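Colleague: As input, take start.txt (compact mmCIF, C-alpha atoms and all ligand atoms):
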```
# COMPACT_ATOMS: atom_id res chain seq x y z
CA MET A 26 0.00 0.00 0.00
CA GLY A 27 0.99 3.55 -0.48
CA LYS A 28 2.59 5.92 1.91
CA TRP A 29 2.00 9.55 2.57
CA LYS A 30 1.64 8.70 6.15
CA VAL A 31 3.69 11.14 8.17
CA PHE A 32 2.22 14.32 6.79
CA ALA A 33 -1.25 12.88 6.53
CA VAL A 34 -1.27 11.69 10.12
CA CYS A 35 -0.68 15.22 11.29
CA VAL A 36 -3.48 16.62 9.18
CA LEU A 37 -6.02 13.99 10.00
CA THR A 38 -5.20 13.84 13.68
CA THR A 39 -5.78 17.55 13.84
CA LEU A 40 -8.98 17.19 11.89
CA LEU A 41 -10.29 14.43 14.13
CA ALA A 42 -9.47 16.40 17.25
CA ALA A 43 -11.14 19.49 15.89
CA THR A 44 -14.31 17.73 14.90
CA GLY A 45 -14.64 15.64 18.03
CA CYS A 46 -14.79 12.38 16.11
CA LYS A 47 -16.95 9.44 17.00
CA SER A 48 -14.17 7.55 18.72
CA SER A 49 -15.38 7.92 22.27
CA THR A 50 -18.57 5.94 21.89
CA GLN A 51 -17.05 3.40 19.54
CA ASP A 52 -14.06 2.81 21.74
CA SER A 53 -16.02 2.44 24.92
CA SER A 54 -18.13 -0.26 23.30
CA ALA A 55 -15.21 -2.10 21.79
CA ASN A 56 -13.21 -1.82 24.99
CA ALA A 57 -15.90 -3.19 27.24
CA ASP A 58 -14.14 -5.78 29.37
CA SER A 59 -17.46 -7.34 30.20
CA ALA A 60 -18.10 -8.24 26.57
CA PRO A 61 -18.89 -11.95 26.41
CA SER A 62 -16.62 -14.23 24.50
CA VAL A 63 -18.21 -15.72 21.39
CA ALA A 64 -17.72 -18.86 19.42
CA ARG A 65 -15.91 -19.16 16.15
CA ILE A 66 -18.45 -19.55 13.35
CA GLY A 67 -17.43 -21.75 10.48
CA ASP A 68 -14.05 -23.43 10.30
CA PHE A 69 -11.41 -20.87 9.42
CA ARG A 70 -7.96 -22.46 9.37
CA GLY A 71 -4.85 -20.34 9.62
CA ASP A 72 -2.72 -23.07 8.09
CA SER A 73 -4.97 -23.21 5.03
CA ALA A 74 -4.70 -19.44 4.60
CA TYR A 75 -0.93 -19.79 5.00
CA ALA A 76 -0.88 -22.45 2.26
CA HIS A 77 -2.59 -19.97 -0.07
CA VAL A 78 0.06 -17.39 0.84
CA ALA A 79 2.84 -19.88 0.12
CA ALA A 80 1.28 -20.82 -3.22
CA GLN A 81 1.22 -17.19 -4.31
CA VAL A 82 4.80 -16.55 -3.23
CA ALA A 83 5.87 -19.66 -5.16
CA PHE A 84 4.61 -18.04 -8.37
CA GLY A 85 7.22 -15.34 -7.92
CA PRO A 86 6.45 -11.60 -7.83
CA ARG A 87 2.92 -10.79 -9.02
CA VAL A 88 3.82 -7.67 -10.93
CA PRO A 89 1.38 -6.90 -13.77
CA GLY A 90 2.68 -8.21 -17.06
CA THR A 91 4.90 -10.93 -15.56
CA PRO A 92 4.47 -14.75 -15.57
CA GLY A 93 3.95 -14.79 -11.79
CA HIS A 94 1.08 -12.36 -12.19
CA ASP A 95 -0.53 -14.53 -14.88
CA ALA A 96 -0.17 -17.68 -12.77
CA CYS A 97 -1.58 -16.07 -9.65
CA ARG A 98 -4.55 -14.71 -11.57
CA GLU A 99 -5.46 -18.23 -12.69
CA TYR A 100 -4.88 -19.57 -9.18
CA ILE A 101 -7.30 -17.10 -7.58
CA ILE A 102 -9.96 -17.65 -10.25
CA GLY A 103 -9.57 -21.42 -9.99
CA ARG A 104 -9.88 -21.44 -6.21
CA LEU A 105 -12.98 -19.24 -6.28
CA ARG A 106 -14.67 -21.53 -8.80
CA ALA A 107 -13.67 -24.58 -6.77
CA TYR A 108 -15.11 -22.90 -3.68
CA GLY A 109 -18.52 -22.56 -5.24
CA ALA A 110 -18.87 -18.86 -5.93
CA ASP A 111 -22.17 -18.04 -7.62
CA THR A 112 -20.30 -15.96 -10.16
CA VAL A 113 -16.68 -15.06 -10.81
CA ILE A 114 -16.21 -11.86 -12.78
CA VAL A 115 -12.84 -10.82 -14.18
CA GLN A 116 -12.61 -7.15 -15.07
CA GLU A 117 -9.67 -6.77 -17.46
CA ALA A 118 -8.10 -3.47 -18.47
CA THR A 119 -4.89 -1.75 -19.36
CA VAL A 120 -3.94 1.14 -17.11
CA LYS A 121 -1.05 3.57 -17.26
CA ALA A 122 1.37 3.71 -14.36
CA TYR A 123 3.16 6.91 -13.34
CA THR A 124 6.29 5.45 -14.93
CA GLY A 125 4.51 5.36 -18.28
CA ASP A 126 4.32 1.58 -18.16
CA MET A 127 1.07 0.17 -19.56
CA LEU A 128 -0.14 -2.47 -17.11
CA PRO A 129 -2.44 -5.37 -18.04
CA ILE A 130 -4.63 -5.73 -14.98
CA SER A 131 -7.45 -7.95 -13.76
CA ASN A 132 -9.79 -7.16 -10.91
CA ILE A 133 -11.39 -10.44 -9.80
CA ILE A 134 -14.85 -10.43 -8.22
CA ALA A 135 -16.63 -13.42 -6.67
CA GLN A 136 -20.19 -13.33 -5.39
CA TYR A 137 -21.71 -15.52 -2.68
CA ASN A 138 -25.43 -15.69 -1.95
CA ARG A 139 -26.11 -13.62 -5.01
CA ALA A 140 -29.86 -13.76 -4.45
CA ASN A 141 -29.70 -11.49 -1.42
CA THR A 142 -29.83 -7.80 -2.28
CA ARG A 143 -28.32 -6.88 1.11
CA ARG A 144 -24.60 -7.30 0.57
CA ILE A 145 -21.23 -6.67 2.17
CA LEU A 146 -17.84 -6.50 0.46
CA LEU A 147 -14.50 -8.05 1.43
CA ALA A 148 -11.42 -6.91 -0.50
CA ALA A 149 -7.66 -7.31 -0.85
CA HIS A 150 -5.04 -6.46 -3.47
CA TRP A 151 -3.31 -9.34 -5.20
CA ASP A 152 -0.51 -7.61 -7.11
CA THR A 153 2.92 -7.06 -5.58
CA ARG A 154 5.28 -4.10 -5.68
CA PRO A 155 7.80 -4.09 -8.53
CA TRP A 156 10.54 -2.45 -6.45
CA ALA A 157 11.87 -3.11 -2.95
CA ASP A 158 12.41 0.60 -2.55
CA GLN A 159 12.43 0.45 1.26
CA ASP A 160 15.13 -2.22 1.44
CA ASP A 161 18.20 -1.46 3.58
CA ASN A 162 20.38 -2.71 0.75
CA ALA A 163 20.44 -0.06 -1.98
CA ALA A 164 21.47 -2.65 -4.56
CA ASP A 165 18.19 -4.50 -4.03
CA ARG A 166 15.83 -1.57 -4.32
CA ASP A 167 15.05 -2.09 -7.98
CA LYS A 168 14.11 -5.74 -7.44
CA PRO A 169 10.49 -6.90 -7.00
CA ILE A 170 9.35 -7.90 -3.50
CA PRO A 171 8.12 -11.42 -2.66
CA GLY A 172 4.92 -9.88 -1.29
CA ALA A 173 4.12 -12.57 1.26
CA ASN A 174 2.50 -10.05 3.58
CA ASP A 175 1.92 -7.15 1.19
CA GLY A 176 -0.35 -8.87 -1.32
CA ALA A 177 -0.51 -12.59 -0.57
CA SER A 178 -1.73 -12.41 3.04
CA GLY A 179 -5.01 -10.64 2.32
CA VAL A 180 -5.68 -12.89 -0.65
CA GLY A 181 -4.90 -16.00 1.40
CA VAL A 182 -7.38 -15.02 4.08
CA LEU A 183 -10.10 -14.22 1.54
CA LEU A 184 -9.63 -17.57 -0.22
CA GLU A 185 -9.94 -19.42 3.09
CA ILE A 186 -13.11 -17.43 3.78
CA ALA A 187 -14.36 -18.50 0.34
CA ARG A 188 -13.72 -22.14 1.29
CA ASN A 189 -15.92 -21.62 4.32
CA PHE A 190 -18.66 -20.07 2.21
CA ALA A 191 -18.59 -23.16 -0.01
CA ALA A 192 -19.40 -25.25 3.04
CA ARG A 193 -21.85 -22.82 4.62
CA GLN A 194 -23.36 -19.98 2.66
CA PRO A 195 -23.54 -16.65 4.50
CA GLY A 196 -27.01 -15.25 5.16
CA VAL A 197 -26.05 -11.84 3.85
CA GLY A 198 -24.76 -11.54 0.31
CA VAL A 199 -20.97 -11.35 0.26
CA ASP A 200 -18.76 -10.15 -2.58
CA LEU A 201 -15.02 -10.73 -2.61
CA ILE A 202 -12.97 -8.32 -4.72
CA PHE A 203 -9.31 -8.91 -5.50
CA PHE A 204 -7.88 -5.64 -6.77
CA ASP A 205 -4.91 -5.47 -9.10
CA ALA A 206 -2.19 -2.80 -9.38
CA GLU A 207 -2.54 -1.37 -5.90
CA ASP A 208 1.19 -1.22 -5.31
CA TYR A 209 2.71 0.38 -8.45
CA GLY A 210 2.64 3.88 -7.00
CA ARG A 211 5.23 6.57 -6.57
CA SER A 212 6.64 6.70 -3.06
CA GLY A 213 7.67 9.66 -1.01
CA GLY A 214 5.47 12.29 -2.51
CA PHE A 215 2.87 12.65 0.23
CA TYR A 216 -0.29 14.15 -1.22
CA ASN A 217 1.15 14.76 -4.66
CA HIS A 218 1.16 11.17 -5.79
CA ASN A 219 -1.93 9.58 -4.22
CA ASP A 220 -3.48 8.74 -7.54
CA THR A 221 -0.44 6.74 -8.65
CA TRP A 222 -1.49 4.03 -6.16
CA CYS A 223 -4.59 1.82 -6.21
CA LEU A 224 -4.84 1.78 -10.01
CA GLY A 225 -6.97 -1.37 -10.04
CA SER A 226 -9.55 -0.07 -7.60
CA GLN A 227 -9.58 3.33 -9.32
CA HIS A 228 -10.40 1.59 -12.58
CA TRP A 229 -13.07 -0.50 -10.87
CA ALA A 230 -14.66 2.61 -9.38
CA GLU A 231 -15.34 3.96 -12.87
CA THR A 232 -17.94 1.21 -13.42
CA LYS A 233 -18.43 -0.40 -10.00
CA VAL A 234 -19.08 -3.73 -11.69
CA PRO A 235 -21.30 -5.67 -10.88
CA TYR A 236 -23.35 -3.04 -9.04
CA THR A 237 -25.77 -0.35 -9.97
CA SER A 238 -26.13 2.75 -7.85
CA GLY A 239 -29.04 1.16 -6.01
CA ASN A 240 -27.45 -2.09 -4.87
CA LEU A 241 -24.02 -1.25 -3.52
CA PRO A 242 -22.82 -3.30 -0.55
CA VAL A 243 -23.72 -1.63 2.75
CA TYR A 244 -20.08 -1.65 3.83
CA GLY A 245 -16.69 -3.15 3.04
CA ILE A 246 -13.68 -4.58 4.85
CA LEU A 247 -10.23 -4.37 3.23
CA LEU A 248 -7.42 -6.73 4.27
CA ASP A 249 -3.83 -5.65 3.56
CA MET A 250 -0.70 -6.91 5.32
CA VAL A 251 -2.65 -9.15 7.69
CA GLY A 252 -0.11 -11.92 8.29
CA GLY A 253 2.98 -10.37 9.86
CA ARG A 254 4.50 -11.83 13.01
CA ASP A 255 3.45 -9.98 16.16
CA ALA A 256 1.11 -7.83 14.11
CA ARG A 257 -1.18 -5.37 15.79
CA PHE A 258 -4.00 -3.67 13.98
CA HIS A 259 -5.00 -0.11 14.82
CA TYR A 260 -7.79 1.89 13.23
CA GLU A 261 -6.84 3.70 10.05
CA ALA A 262 -7.84 7.33 10.38
CA PHE A 263 -9.76 7.81 7.15
CA ALA A 264 -11.73 4.60 7.74
CA HIS A 265 -12.38 5.49 11.36
CA GLU A 266 -13.87 8.80 10.32
CA ASN A 267 -15.72 7.73 7.19
CA ALA A 268 -16.51 4.06 7.77
CA PRO A 269 -17.25 3.73 11.49
CA THR A 270 -19.74 0.87 11.09
CA PRO A 271 -17.38 -1.77 9.66
CA CYS A 272 -14.56 -0.55 11.92
CA LEU A 273 -16.69 -1.11 15.01
CA LYS A 274 -17.95 -4.48 13.79
CA VAL A 275 -14.45 -5.80 13.11
CA TRP A 276 -12.69 -4.48 16.20
CA SER A 277 -15.50 -5.43 18.58
CA GLU A 278 -15.82 -8.92 17.09
CA ALA A 279 -12.06 -9.39 17.45
CA LYS A 280 -12.34 -8.40 21.08
CA ARG A 281 -15.14 -10.89 21.69
CA LEU A 282 -13.14 -13.65 20.02
CA GLY A 283 -10.22 -12.97 22.35
CA TYR A 284 -8.03 -11.00 19.94
CA GLY A 285 -8.25 -7.70 21.78
CA ASP A 286 -4.48 -7.62 22.19
CA MET A 287 -4.08 -7.75 18.41
CA PHE A 288 -6.85 -5.31 17.40
CA ILE A 289 -6.08 -2.04 19.18
CA ASN A 290 -8.82 0.54 19.73
CA THR A 291 -6.81 3.59 18.81
CA ILE A 292 -6.02 5.28 15.52
CA GLY A 293 -2.62 4.15 14.26
CA GLY A 294 -2.14 6.42 11.28
CA ALA A 295 -3.58 7.58 7.99
CA ILE A 296 -2.74 5.97 4.67
CA ILE A 297 -3.86 5.69 1.09
CA ASP A 298 -5.15 2.23 0.26
CA ASP A 299 -8.00 0.65 -1.70
CA HIS A 300 -10.44 1.37 1.15
CA VAL A 301 -10.20 5.07 0.36
CA ILE A 302 -11.29 4.42 -3.22
CA LEU A 303 -14.11 2.13 -2.09
CA THR A 304 -15.36 4.60 0.50
CA ARG A 305 -15.39 7.43 -2.02
CA ALA A 306 -17.27 5.11 -4.40
CA GLY A 307 -20.09 4.83 -1.85
CA ILE A 308 -19.07 1.72 0.08
CA PRO A 309 -17.74 2.76 3.51
CA THR A 310 -14.80 0.44 4.04
CA ALA A 311 -12.60 -0.44 7.01
CA ASP A 312 -8.92 -1.29 6.51
CA ILE A 313 -7.32 -4.08 8.51
CA ILE A 314 -3.64 -3.25 8.05
CA GLU A 315 -0.57 -3.11 10.23
CA LEU A 316 0.32 0.58 10.21
CA ASN A 317 1.69 1.27 13.69
CA ASN A 318 4.37 -1.37 14.13
CA GLU A 319 6.21 -1.20 17.46
CA VAL A 320 9.62 -1.12 15.79
CA THR A 321 8.91 1.26 12.91
CA SER A 322 5.89 3.23 14.23
CA SER A 323 4.58 2.62 10.74
CA PHE A 324 4.31 -0.43 8.50
CA PRO A 325 6.08 -3.70 9.39
CA PRO A 326 9.88 -3.72 8.98
CA THR A 327 9.52 -5.99 5.95
CA TRP A 328 7.32 -3.49 4.08
CA HIS A 329 8.50 -2.99 0.48
CA THR A 330 11.70 -4.95 1.12
CA LEU A 331 13.00 -8.32 -0.05
CA ASP A 332 12.32 -9.57 3.50
CA ASP A 333 8.57 -9.60 2.85
CA ASN A 334 8.75 -13.39 2.65
CA LEU A 335 7.19 -16.46 4.24
CA GLU A 336 9.59 -16.38 7.20
CA HIS A 337 7.76 -13.36 8.51
CA ILE A 338 4.23 -14.72 8.11
CA ASP A 339 2.45 -16.14 11.15
CA PRO A 340 -0.51 -18.49 10.51
CA HIS A 341 -1.96 -17.51 13.89
CA VAL A 342 -2.25 -13.90 12.78
CA LEU A 343 -3.92 -15.00 9.54
CA ASP A 344 -6.26 -17.11 11.65
CA ALA A 345 -7.20 -14.27 14.00
CA VAL A 346 -7.94 -11.88 11.16
CA GLY A 347 -9.76 -14.46 9.06
CA GLN A 348 -11.93 -15.78 11.88
CA THR A 349 -12.84 -12.25 12.92
CA VAL A 350 -13.96 -11.29 9.42
CA LEU A 351 -15.74 -14.61 8.95
CA ASN A 352 -17.67 -14.10 12.19
CA VAL A 353 -18.64 -10.60 11.08
CA ALA A 354 -19.92 -11.96 7.77
CA TYR A 355 -21.88 -14.82 9.30
CA ASN A 356 -23.36 -12.56 11.99
CA GLU A 357 -24.37 -9.80 9.56
CA LYS A 358 -28.10 -9.23 9.38
CA THR A 359 -29.56 -10.64 6.22
CA PHE A 360 -32.16 -8.04 5.27
ZN ZN A 401 2.56 -2.23 -0.57
```
Kindly transcribe the structure held in the file into structure tokens.
Modeller:
Amino acid sequence: MGKWKVFAVCVLTTLLAATGCKSSTQDSSANADSAPSVARIGDFRGDSAYAHVAAQVAFGPRVPGTPGHDACREYIIGRLRAYGADTVIVQEATVKAYTGDMLPISNIIAQYNRANTRRILLAAHWDTRPWADQDDNAADRDKPIPGANDGASGVGVLLEIARNFAARQPGVGVDLIFFDAEDYGRSGGFYNHNDTWCLGSQHWAETKVPYTSGNLPVYGILLDMVGGRDARFHYEAFAHENAPTPCLKVWSEAKRLGYGDMFINTIGGAIIDDHVILTRAGIPTADIIELNNEVTSSFPPTWHTLDDNLEHIDPHVLDAVGQTVLNVAYNEKTF
């Protein structure tokens, strides 16, 4: 995901303070120590999600226009069909990166319980960054990242959720969207380069396939970098302000499931990611992302480096995130 974090945090923190944001009521609910523990619904398996992560990494970098990208595209489509999606839609396009590169992209959309007009949306990006521009080793900064966490983790969790839906259909309609070309953006430019990121979701927002203006999902949940060891997930500021409903659902469900030490009820920073595009498109979307790491005070140390590999993925973190989102989906009211 993209980074204009430092400057943006200052602006948005000021904004939230000035407007007296909704955090007090949300946080008191999510923090309630008396909240009862709840059962896991379905059968989310962290090791299965991890296997999906490993399969993607084995394809090599998933940079648009490369063989690894082609192979991963077929893998995701194949898994969704095997897991009984009502429909699998592939939105193909060519988009222009800030480098001038023309990128062949595919946004992949799977629908479950298509008959229900009340729907929610779960999303992740499946492409990986072409350059390890945050790597400590300058000689490696023009190499593509493995993208185990940044790319594969969110996809792995969504595919394991899809496997659950094949076994037990959710009552609410659920759409899974796998966005392409999230991570081809220009770094270091703060506000100036926002639109160089999230090219896949920006293209999707032009048509919002398969929706019309009257049947958009009521909210969305984005998963990005959800498998890092010792991960903690804070609220993202834009989502907290503009998508309070899914934020509260996710963080409070995590608390009830016993993951309150992983999902932290404070704002961790402000970033540009696909949830911003979705929210502006009319689907208020939360972002589950590690953005206030204890070591970096930002993204995980492996972010946009060659160390974003399987060694730094923890199946238990995948499990906690996946079970939380699965519980939210299964508990969502159906009409
Ligand atoms: Zn990234």
Colleague: Please provide as a PyMOL selection string all residues within 12 Å of Lys168 in chain A, with the sequence filter that same-chain residues fewer than 5 positions apart are discarded (counting all atoms listed in the file).
Modeller: chain A and resi 85-86+88+153-160+162-163+329-332
Colleague: Enter the distance from CA of Leu128 in chain A to CA of Asp298 in chain A, in Å, rounded to one decimal.
Modeller: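 Spanning CA of Leu128 in chain A to CA of Asp298 in chain A is a straight-line distance of 18.7 Å.
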Colleague: Each residue of chain A lying at most 12 Å from ligand ZN 401 (chain A) should get a row with its shortest atom-to-atom pair and the distance in Å to one decimal, counting all atoms listed in the file; could you produce that, ordered by chain and increasing number, as a tab-separated table?
Modeller:
```
residue	atom	partner	partner_atom	distance
A:Met26	CA	A:ZN401	ZN	3.4
A:Gly27	CA	A:ZN401	ZN	6.0
A:Lys28	CA	A:ZN401	ZN	8.5
A:Val88	CA	A:ZN401	ZN	11.8
A:Ala149	CA	A:ZN401	ZN	11.4
A:His150	CA	A:ZN401	ZN	9.2
A:Trp151	CA	A:ZN401	ZN	10.3
A:Asp152	CA	A:ZN401	ZN	9.0
A:Thr153	CA	A:ZN401	ZN	7.0
A:Arg154	CA	A:ZN401	ZN	6.1
A:Pro155	CA	A:ZN401	ZN	9.7
A:Trp156	CA	A:ZN401	ZN	9.9
A:Ala157	CA	A:ZN401	ZN	9.6
A:Asp158	CA	A:ZN401	ZN	10.4
A:Gln159	CA	A:ZN401	ZN	10.4
A:Pro169	CA	A:ZN401	ZN	11.2
A:Ile170	CA	A:ZN401	ZN	9.3
A:Pro171	CA	A:ZN401	ZN	10.9
A:Gly172	CA	A:ZN401	ZN	8.0
A:Ala173	CA	A:ZN401	ZN	10.6
A:Asn174	CA	A:ZN401	ZN	8.9
A:Asp175	CA	A:ZN401	ZN	5.3
A:Gly176	CA	A:ZN401	ZN	7.3
A:Ala177	CA	A:ZN401	ZN	10.8
A:Ser178	CA	A:ZN401	ZN	11.6
A:Gly179	CA	A:ZN401	ZN	11.7
A:Asp205	CA	A:ZN401	ZN	11.8
A:Ala206	CA	A:ZN401	ZN	10.0
A:Glu207	CA	A:ZN401	ZN	7.4
A:Asp208	CA	A:ZN401	ZN	5.0
A:Tyr209	CA	A:ZN401	ZN	8.3
A:Gly210	CA	A:ZN401	ZN	8.9
A:Arg211	CA	A:ZN401	ZN	11.0
A:Ser212	CA	A:ZN401	ZN	10.1
A:Trp222	CA	A:ZN401	ZN	9.3
A:Cys223	CA	A:ZN401	ZN	10.0
A:Leu248	CA	A:ZN401	ZN	12.0
A:Asp249	CA	A:ZN401	ZN	8.3
A:Met250	CA	A:ZN401	ZN	8.2
A:Val251	CA	A:ZN401	ZN	12.0
A:Ile296	CA	A:ZN401	ZN	11.1
A:Ile297	CA	A:ZN401	ZN	10.3
A:Asp298	CA	A:ZN401	ZN	8.9
A:Asp299	CA	A:ZN401	ZN	11.0
A:Ile314	CA	A:ZN401	ZN	10.7
A:Glu315	CA	A:ZN401	ZN	11.3
A:Leu316	CA	A:ZN401	ZN	11.4
A:Phe324	CA	A:ZN401	ZN	9.4
A:Pro325	CA	A:ZN401	ZN	10.7
A:Thr327	CA	A:ZN401	ZN	10.3
A:Trp328	CA	A:ZN401	ZN	6.8
A:His329	CA	A:ZN401	ZN	6.1
A:Thr330	CA	A:ZN401	ZN	9.7
A:Asp333	CA	A:ZN401	ZN	10.1
```
Colleague: Taking (-21.1, -25.1, 5.1) in the file's coordinates, which residues come within 12 Å, counting all atoms listed in the file, written as a list in words?
Modeller: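 All residues meeting the 12 Å criterion around (-21.1, -25.1, 5.1) are Ile66, Gly67, Asp68, Phe69, Tyr108, Gly109, Ile186, Ala187, Arg188, Asn189, Phe190, Ala191, Ala192, Arg193, Gln194, Pro195, Gly196 and Tyr355 of chain A.
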Colleague: May I have the residues within 10 Å of Thr304 in chain A as a list in words, using only C-alpha atoms and disregarding those fewer than 4 positions away in the same chain?
Modeller: Tyr244, Gly245, Phe263, Ala264, Asn267, Ala268, Asp299, His300, Ile308, Pro309, Thr310 and Ala311 of chain A
Colleague: What lies within 12 Å of Ala76 in chain A using all atoms listed in the file, ignoring chain neighbours under 6 positions off, as a PDB file with C-alpha atoms, in the coordinates of the input?
Modeller:
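Written output follows (selection_24.pdb):
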```pdb
ATOM      1  CA  ARG A  70      -7.960 -22.460   9.370  1.00  0.00           C
ATOM      2  CA  VAL A  82       4.800 -16.550  -3.230  1.00  0.00           C
ATOM      3  CA  ALA A  83       5.870 -19.660  -5.160  1.00  0.00           C
ATOM      4  CA  ALA A 173       4.120 -12.570   1.260  1.00  0.00           C
ATOM      5  CA  ALA A 177      -0.510 -12.590  -0.570  1.00  0.00           C
ATOM      6  CA  SER A 178      -1.730 -12.410   3.040  1.00  0.00           C
ATOM      7  CA  VAL A 180      -5.680 -12.890  -0.650  1.00  0.00           C
ATOM      8  CA  GLY A 181      -4.900 -16.000   1.400  1.00  0.00           C
ATOM      9  CA  VAL A 182      -7.380 -15.020   4.080  1.00  0.00           C
ATOM     10  CA  LEU A 184      -9.630 -17.570  -0.220  1.00  0.00           C
ATOM     11  CA  GLU A 185      -9.940 -19.420   3.090  1.00  0.00           C
ATOM     12  CA  LEU A 335       7.190 -16.460   4.240  1.00  0.00           C
ATOM     13  CA  ILE A 338       4.230 -14.720   8.110  1.00  0.00           C
ATOM     14  CA  ASP A 339       2.450 -16.140  11.150  1.00  0.00           C
ATOM     15  CA  PRO A 340      -0.510 -18.490  10.510  1.00  0.00           C
ATOM     16  CA  LEU A 343      -3.920 -15.000   9.540  1.00  0.00           C
TER      17      LEU A 343
END
```
Colleague: Which residues are near Asp286 in chain A? Cut-off 12 Å, all atoms listed in the file, ignore same chain within fewer than 2 positions. Put them as a list in words.
Modeller: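 The filter keeps Asn56, Asp255, Ala256, Arg257, Phe258, His259, Trp276, Ser277, Ala279, Lys280, Arg281, Leu282, Gly283, Tyr284, Phe288, Ile289, Asn290, Thr291, Val342 and Ala345 of chain A.
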Colleague: Would you mind reading off the distance between CA of Lys233 in chain A and CA of Asn219 in chain A, one decimal, in Å?
Modeller: 20.1 Å
Colleague: Would you pick out the contacts of Gly307 in chain A at 9 Å or less, using only C-alpha atoms, so that residues sharing its chain but fewer than 6 positions from it are not included, and give the list as a list in words?
Modeller: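 Near neighbours after the sequence-gap exclusion: Ser238, Leu241, Pro242, Val243 and Tyr244 of chain A.
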Colleague: If you measure from CA of Leu105 in chain A to CA of Leu351 in chain A, what distance in Å do you get, rounded to one decimal?
Modeller: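 Spanning CA of Leu105 in chain A to CA of Leu351 in chain A is a straight-line distance of 16.2 Å.
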Colleague: Counting all atoms listed in the file, which residue out of A:Met287, A:Asp344, A:Ala64, A:Thr142 sits closest to Thr237 in chain A?
Modeller: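 Closest to Thr237 in chain A, using all atoms listed in the file: A:Thr142.
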Colleague: Smallest atom-to-atom distance to Arg144 in chain A: which of A:Ser322, A:Gln227, A:Asn240, A:Gln81, using all atoms listed in the file?
Modeller: A:Asn240
Colleague: Which is closest to Phe204 in chain A among A:Glu117, A:Gly285, A:Asp161, A:Glu278, if we use only C-alpha atoms?
Modeller: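 Between A:Glu117, A:Gly285, A:Asp161, A:Glu278, the residue approaching Phe204 in chain A most closely is A:Glu117.
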Colleague: Considering all atoms listed in the file, can you say which of A:Glu266, A:Ile101, A:Phe360, A:Gly252 comes closest to Asp72 in chain A?
Modeller: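 Ranked by minimum distance to Asp72 in chain A, first place goes to A:Gly252.
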